[in-house]
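Data block below; observations after.
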Amino acid sequence: MKYQIEPIGIIHSPYKEKFGIPRQPGLIKEARAQLVLSPPYNRPEAVVGLEGYSHIWIQFVFHQAIRSEWQPMVRPPRLGGNKRVGVFASRSPFRPNPIGLSVVKLEGVRCENGEVILDLSGIDLLDGTPVIDIKPYVVYVDSIPDACSGFAPVAPAVKYTVDFSERARKQLLARQDSAQLEAFITHLLETDPRPAYSGEPDPGRVYGILLYDFDLRWEIVADRIIVCELAEVESD
Ligand code: SAH
């Protein structure tokens with residue numbers, strides 16, 4: 001049996017590409033986004049009562065991970081990218097139905113100029129992600145403090161200290177909300193956003209992550225990550 005599902009909104013996120021996005025929500029509190037409801041679901045009545053909740057569940061489509069074939073086993077980054085587990089034992093984007101589930105902080109609900117906007121933080125979602133449902137996070141049901149979580153018992157460890165080059169710091173300070181942005185970039189890089197199978201870093205290699213309207217360029221030098229610059233994005 002097939003069901004027709006239509007997105008009810010779209011995510012506007014600072015993460016402009018998949019590379020670098022944390023692998024779960026809540027890890028980077030500074031990652032802010034807006035969920036803008038799409039017509040005909042952009043009715044203020046549809047969110048009445050939601051403002052009383054601090055967190056919500058978001059169900060979404062992994063729209064940039066759609067494949068025509070599915071595999072019963074995947075290699076989760078948590079296991080170093082070389083050990084396989086069942087797709088249903090993983091949170092991989094590559095699944096029979098490309099549906100994701102994230103619990104995120106609800107910073108506010110706004111109904112302005114005919115738009116219904118949910119302000120979110122702690123997101124792990126790509127810009128443009130189609131959202132198919134929203135549900136309130138209910139503590140007495142959804143929080144299970146003595147639960148056991150298989151091969152992912154704790155959050156990923158911090159691996160590097162993050163420093164900014166003089167050039168990067170100047171660019172950072174020229175931006176609005178630079179303290180928030182500095183904390184965001186630091187938390188994003190300190191756990192090593194490179195794919196799990198990357199191994200030891202290449203000395204001298206400059207990595208890039210598209211964030212907001214810039215290309216965050218950084219390198220790894222021993223136990224430090226140095227942000228080289230917040231470069232302008234080259235258009236093709
Ligand atoms: N919390 C979700 C997502 C886990 S996978 C869940 O458990 O279902 C997280 C990864 O999904 C991120 O690292 C990011 O690279 C990827 N991702 C986020 N939004 C995506 C999208 N719209 N399409 C494809 N991949 C996406």
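As shown in the structure tokens, the chain order sets the letters A, B, ...; within each chain, residues go from 1, and ligands are also counted from 1 in the order they appear.
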Residues up to 8 Å from ligand 1, counting only C-alpha atoms and all ligand atoms: could you list those as a count of residues only? 32
Which of segment 139-192 of chain A end up as alpha helix (DSSP H) when DSSP is run on this backbone - answer as a VMD selection string? chain A and resid 139 to 142 166 to 173 178 to 190
Exercise: segment 28-31 of chain A partners within 7 Å, only C-alpha atoms, chain neighbours under 4 positions left out, as a short mmCIF file (atom, residue, chain, number, x, y, z; two decimals) with N, CA and C atoms, in the first residue's frame:
```cif
data_model
loop_
_atom_site.label_atom_id
_atom_site.label_comp_id
_atom_site.auth_asym_id
_atom_site.auth_seq_id
_atom_site.Cartn_x
_atom_site.Cartn_y
_atom_site.Cartn_z
N SER A 121 16.29 25.64 17.63
CA SER A 121 17.75 25.56 17.81
C SER A 121 18.14 24.12 18.07
N GLY A 122 19.44 23.88 17.92
CA GLY A 122 19.97 22.52 18.11
C GLY A 122 19.64 21.60 16.95
N ILE A 123 19.49 22.16 15.77
CA ILE A 123 19.03 21.35 14.63
C ILE A 123 20.19 20.60 13.94
N GLN A 180 27.99 34.45 19.24
CA GLN A 180 27.17 33.25 19.00
C GLN A 180 27.78 32.44 17.86
N PHE A 184 29.25 28.67 17.78
CA PHE A 184 28.70 27.73 16.81
C PHE A 184 29.83 27.03 16.04
N HIS A 187 31.93 24.66 18.30
CA HIS A 187 31.27 23.39 18.61
C HIS A 187 31.14 22.50 17.38
N LEU A 188 30.99 23.15 16.22
CA LEU A 188 30.86 22.38 14.97
C LEU A 188 32.15 21.63 14.64
#
```
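Taking only C-alpha atoms, the non-local environment of Ser90 of chain A within 9 Å (same-chain residues fewer than 6 positions away omitted) comprises Met73, Val74, Arg75 and Pro76 of chain A.
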Written file, previous selection with N, CA and C atoms, as an mmCIF file, in the first residue's frame:
```cif
data_model
loop_
_atom_site.group_PDB
_atom_site.id
_atom_site.type_symbol
_atom_site.label_atom_id
_atom_site.label_comp_id
_atom_site.auth_asym_id
_atom_site.auth_seq_id
_atom_site.Cartn_x
_atom_site.Cartn_y
_atom_site.Cartn_z
ATOM 1 N N MET A 73 21.924 -3.308 5.365
ATOM 2 C CA MET A 73 22.931 -2.973 6.368
ATOM 3 C C MET A 73 23.640 -1.676 5.974
ATOM 4 N N VAL A 74 24.025 -0.886 6.994
ATOM 5 C CA VAL A 74 24.713 0.389 6.762
ATOM 6 C C VAL A 74 25.930 0.456 7.680
ATOM 7 N N ARG A 75 26.821 1.406 7.388
ATOM 8 C CA ARG A 75 28.035 1.581 8.211
ATOM 9 C C ARG A 75 27.929 2.888 8.974
ATOM 10 N N PRO A 76 27.461 2.856 10.201
ATOM 11 C CA PRO A 76 27.286 4.129 10.918
ATOM 12 C C PRO A 76 28.625 4.773 11.281
#
```
Quick one: residues within 8 Å of segment 105-107 of chain A, only C-alpha atoms, excluding same-chain residues fewer than 3 positions away - as an MDAnalysis selection string? chainID A and resid 26 51 53:56 118:122
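One distance worth recording is that between atom CA of Ile144 of chain A and atom CA of Gly108 of chain A, which is 25.3 Å.
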Selection: 12 Å around Gly114 of chain A, only C-alpha atoms, excl. self and same-chain fewer than 3 positions, as JSON, numbers by chain: {"A": [36, 37, 38, 39, 40, 41, 42, 43, 44, 110, 111, 117]}
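Remark: for Cys228 of chain A, the closest of the candidate residues A:Cys148, A:Leu211, A:Ala33, A:Ala168 is A:Ala168 (distances computed over only C-alpha atoms).
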Any idea what the distance is between atom CA of Arg78 of chain A and atom CA of Phe214 of chain A?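 A separation of 28.4 Å between them.
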